[in-house]
Structure formats: structure tokens, C-alpha cells
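The next block holds one structure in the form of C-alpha cells; read it before the comments.
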Amino acid sequence: MKISINGKIVESRDAAISVHDRGYLFGEGVFETLRTYDGRIPFFDKHLARMEWSATFVGIPFPHPGEIKKSLEDLLAVNELPNARIKIILSAKDPSTMRPVAPHENLEVNLVISCEPLEALPASYLKEGIGLCLIRSVVNDSNPLCGVKSLSWGSKMLARRELSEKAAYDGILLNSQGQVTETTTGNLFWVMKGELHTSSSSVGLLGGITRGIALDLAKQNKIPVKEVYAKPEDLQKADEMFMTNSVVGILPVTWFDPMNIGSGKPGPITTQIRKEYEEVLKG
């Protein structure tokens, strides 16, 4: 696979950035993960808008969107990937690595884009659903970066390490109050008596692009939606559950350790929103 670094396409084995890059040194950078669908990039403008917001929040200049789009399209063309997982990284670079950076300082940036083949999800994931477990790593909801897709991703990596020791597809993270926030890779929804619930944005979650689309689809279909403050025991009473992210889309959850969710099969609201989401993907 080839990688794009500041618009220049190189073999992945030859890809390099300076050791003075502040993303490498301090995690001073932001990223987006997205996918292509039959050669198209769904919701690209939404991803760019969130990335620009994140970059502004941490004080990193944001390139012209056209520059990012061209670099991405060139990379996809040379790698010949109609269905790909994409990662776009924007980091600050500065030769004076240890000095503090003043607000609104005109830093230079590194723009790195990588992609890899995206395999279709196993059919069983959609037909039978996946399982989740509880992760004991705590989301620091007082951290101002908890709602930013920044390169400071160490807490999520620790959570993923804990997950690797469990028999579950993903894990649910709690905040300092013991409230449900998100999974290690996406956002979480559950159905209670015909009402769609998801965690309030104030609990310390990253508001996903697919989360927003799922909320819109629910409202368009007149499905009652409520943002709530929930504990793990509340989830065990759910009739249905699903998780969302930009790579897997809408993924049914039918098991939350140690018990089934509802009937143990994907429920009607989950199925409806997933099908409508797939129609949106197809354009």
C-alpha cells in the first residue's frame, strides 16, 4: 500500500515524518477514520467539518478542504481500492520541540493519509449480532479532549488491550460517575419499550458521524429518541441494542456480558435503521 504525506505519495515502507512532529512527541494532532463505498466516500464533508472543529479546538491550522480531498482521491486511485478503510491525520510540526505553542500561532502541519482494503463484515454479525463487555478503564469526562478525535488515544488503547482478553467484539466504557459513554470504537444505542436511547453528549463521549446519522434516521421515522444518563445495569433491561461507527455502520448487539439483549436477535428498530442507513450509503 502507498501512503500520502503532504500530498506526496510514497510506498508505506518509505513513509516518514520528522521526529520533531508534535503529534509524535505530544499527541498534538487530530484524525478521522472513514471508509469508501464502491469508490465513493460517504459523509466526507461531515468528517472534514468535524476534523476542522477538532483542529481548531487544539490550535492546529486546518488545510484547505480541497487539498485534503485531492490527496485522498489520488491515494485511492493509485492503490486501486474501491472499498477501503481510510485514516487522515493532521499534526503540528515545529523544530523547537519543547517550547509551548502560543494560541493561534501559525504552525506548519503534516497531513498524512493512509488506506487499507476493507473486508466485508461476516454475515453472522448482521444476522445474529455481536457481543459487548464492560471495560473497567474509565473515561475521564473532565478531560477537555474527551470529545475530540485527537492523537492522544492512549486511554482507548488501554481499553482495547483489556478487551483483547475478553470474548466480546467491543467493550463499553464508563465515565467517572459510572455512566455509560460509548464503546472503544463507536457509539451505543439501545431500545427501551419502543424508545431509542443513547448516552447524553455530556457524559464524555466522542460524537460520531454515524451516531448523528442514526439519530436523524430515527427522527425521520418518528421513532422517539432520548439522550440519557445510564448505568450498565440499565442496558441489561434493553429490548434491542446496536453500535455505530463510520467503518461498520450500524451493527446489531445481541449480547452484553453475561446475558442476551432482548430476544437475543437483532430487533425491528435496529433492523429498520440499519437498512435505511445502507440506503443512504448507496446514495
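We name chains A, B, ... following the order of the C-alpha cells; residues begin at 1 in each chain, and ligands are numbered from 1 as shown.
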- Compile the contact shell of range 258-263 of chain A as a PyMOL selection string: residues with an atom at most 9 Å away, counting only C-alpha atoms, same-chain residues fewer than 2 positions apart removed. chain A and resi 131+133+235-241+253-256+265-267
For the interface of range 82-189 of chain A with range 40-57 of chain A (cut-off 10 Å, counting only C-alpha atoms), please tabulate each contacting residue of range 82-189 of chain A alongside its nearest pair of atoms and their separation in Å to one decimal, rows sorted by chain and increasing number, as a tab-separated table.
```
residue	atom	partner	partner_atom	distance
A:Pro82	CA	A:Arg40	CA	7.7
A:Asn83	CA	A:Arg40	CA	8.4
A:Ala84	CA	A:Ile41	CA	9.4
A:Ile86	CA	A:Ile41	CA	9.7
A:Ile88	CA	A:Met51	CA	9.2
A:Ile89	CA	A:Met51	CA	9.3
A:Leu90	CA	A:Ala55	CA	7.9
A:Ser91	CA	A:Ala55	CA	8.8
A:Ala92	CA	A:Ala55	CA	9.8
A:His104	CA	A:Thr56	CA	8.9
A:Pro144	CA	A:Phe57	CA	9.5
A:Leu145	CA	A:Phe57	CA	8.9
A:Gly147	CA	A:Ser54	CA	8.7
A:Val148	CA	A:Ser54	CA	5.6
A:Lys149	CA	A:Ser54	CA	6.6
A:Ser150	CA	A:Ser54	CA	7.4
```
Run DSSP on the backbone and give me the residues of range 38-234 of chain A it puts in strand (DSSP E or B), as a CSV table (one decimal) with C-alpha atoms, in the first residue's frame.
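Output (selection-v5.csv):
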```
chain,number,residue,atom,x,y,z
A,40,ARG,CA,-17.4,6.8,-3.1
A,84,ALA,CA,-11.2,0.9,1.8
A,85,ARG,CA,-10.7,2.0,5.4
A,86,ILE,CA,-9.1,5.4,5.5
A,87,LYS,CA,-7.2,7.3,8.2
A,88,ILE,CA,-6.5,11.0,7.8
A,89,ILE,CA,-4.0,12.5,10.3
A,90,LEU,CA,-3.2,16.2,10.8
A,91,SER,CA,-0.4,17.0,13.2
A,92,ALA,CA,1.6,20.1,14.1
A,93,LYS,CA,5.3,20.3,13.3
A,108,GLU,CA,3.0,24.2,9.9
A,109,VAL,CA,1.3,20.9,9.7
A,110,ASN,CA,1.8,17.4,8.4
A,111,LEU,CA,-1.1,15.8,6.5
A,112,VAL,CA,-0.8,12.0,6.4
A,113,ILE,CA,-3.4,9.8,4.7
A,114,SER,CA,-3.3,6.0,4.7
A,115,CYS,CA,-5.8,3.4,3.5
A,116,GLU,CA,-6.1,-0.3,3.5
A,117,PRO,CA,-8.6,-2.9,2.0
A,130,ILE,CA,-22.3,-9.1,18.2
A,131,GLY,CA,-21.4,-9.2,21.9
A,132,LEU,CA,-20.2,-6.4,24.2
A,133,CYS,CA,-18.5,-6.5,27.5
A,134,LEU,CA,-17.8,-3.9,30.2
A,135,ILE,CA,-14.4,-2.2,30.2
A,136,ARG,CA,-13.1,-1.1,33.6
A,137,SER,CA,-10.9,1.6,32.1
A,138,VAL,CA,-12.5,4.9,33.0
A,139,VAL,CA,-13.2,7.7,30.5
A,150,SER,CA,-7.2,13.7,18.9
A,170,ASP,CA,-16.1,-4.5,21.6
A,171,GLY,CA,-16.3,-3.0,25.1
A,172,ILE,CA,-18.4,-0.4,26.8
A,173,LEU,CA,-16.6,2.5,28.6
A,174,LEU,CA,-17.9,4.3,31.7
A,175,ASN,CA,-17.1,7.8,32.9
A,180,VAL,CA,-22.2,4.6,30.0
A,181,THR,CA,-20.4,6.7,27.5
A,182,GLU,CA,-19.5,4.8,24.3
A,183,THR,CA,-17.6,1.7,23.1
A,187,ASN,CA,-21.3,5.0,19.9
A,188,LEU,CA,-24.0,2.9,21.5
A,189,PHE,CA,-27.8,2.9,21.2
A,190,TRP,CA,-30.4,0.8,22.9
A,191,VAL,CA,-34.2,0.4,22.7
A,192,MET,CA,-36.5,0.6,25.8
A,195,GLU,CA,-37.9,4.4,22.6
A,196,LEU,CA,-34.4,4.8,21.2
A,197,HIS,CA,-31.9,5.7,23.9
A,198,THR,CA,-28.2,6.9,23.6
A,199,SER,CA,-25.9,8.4,26.1
A,225,VAL,CA,-35.3,9.4,20.8
A,226,LYS,CA,-33.9,10.2,24.2
A,227,GLU,CA,-30.4,11.1,25.3
A,228,VAL,CA,-29.9,9.7,28.8
```
- Taking into account only C-alpha atoms, which residue in the set A:Leu34, A:Thr270, A:Gly194, A:Glu276 is nearest to Lys127 in chain A? A:Thr270
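Of the residues listed (A:Gly59, A:Leu205, A:Leu81, A:Lys2), A:Leu81 shows the shortest atom-to-atom separation from Asp38 in chain A; distances use only C-alpha atoms.
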- Message: According to DSSP computed on the backbone, where in range 52-278 of chain A is there helix (DSSP H, G or I)? Give the residues as an MDAnalysis selection string.
- Response: chainID A and resid 52:58 65:79 123:128 154:163 201:203 209:220 232:235 268:278
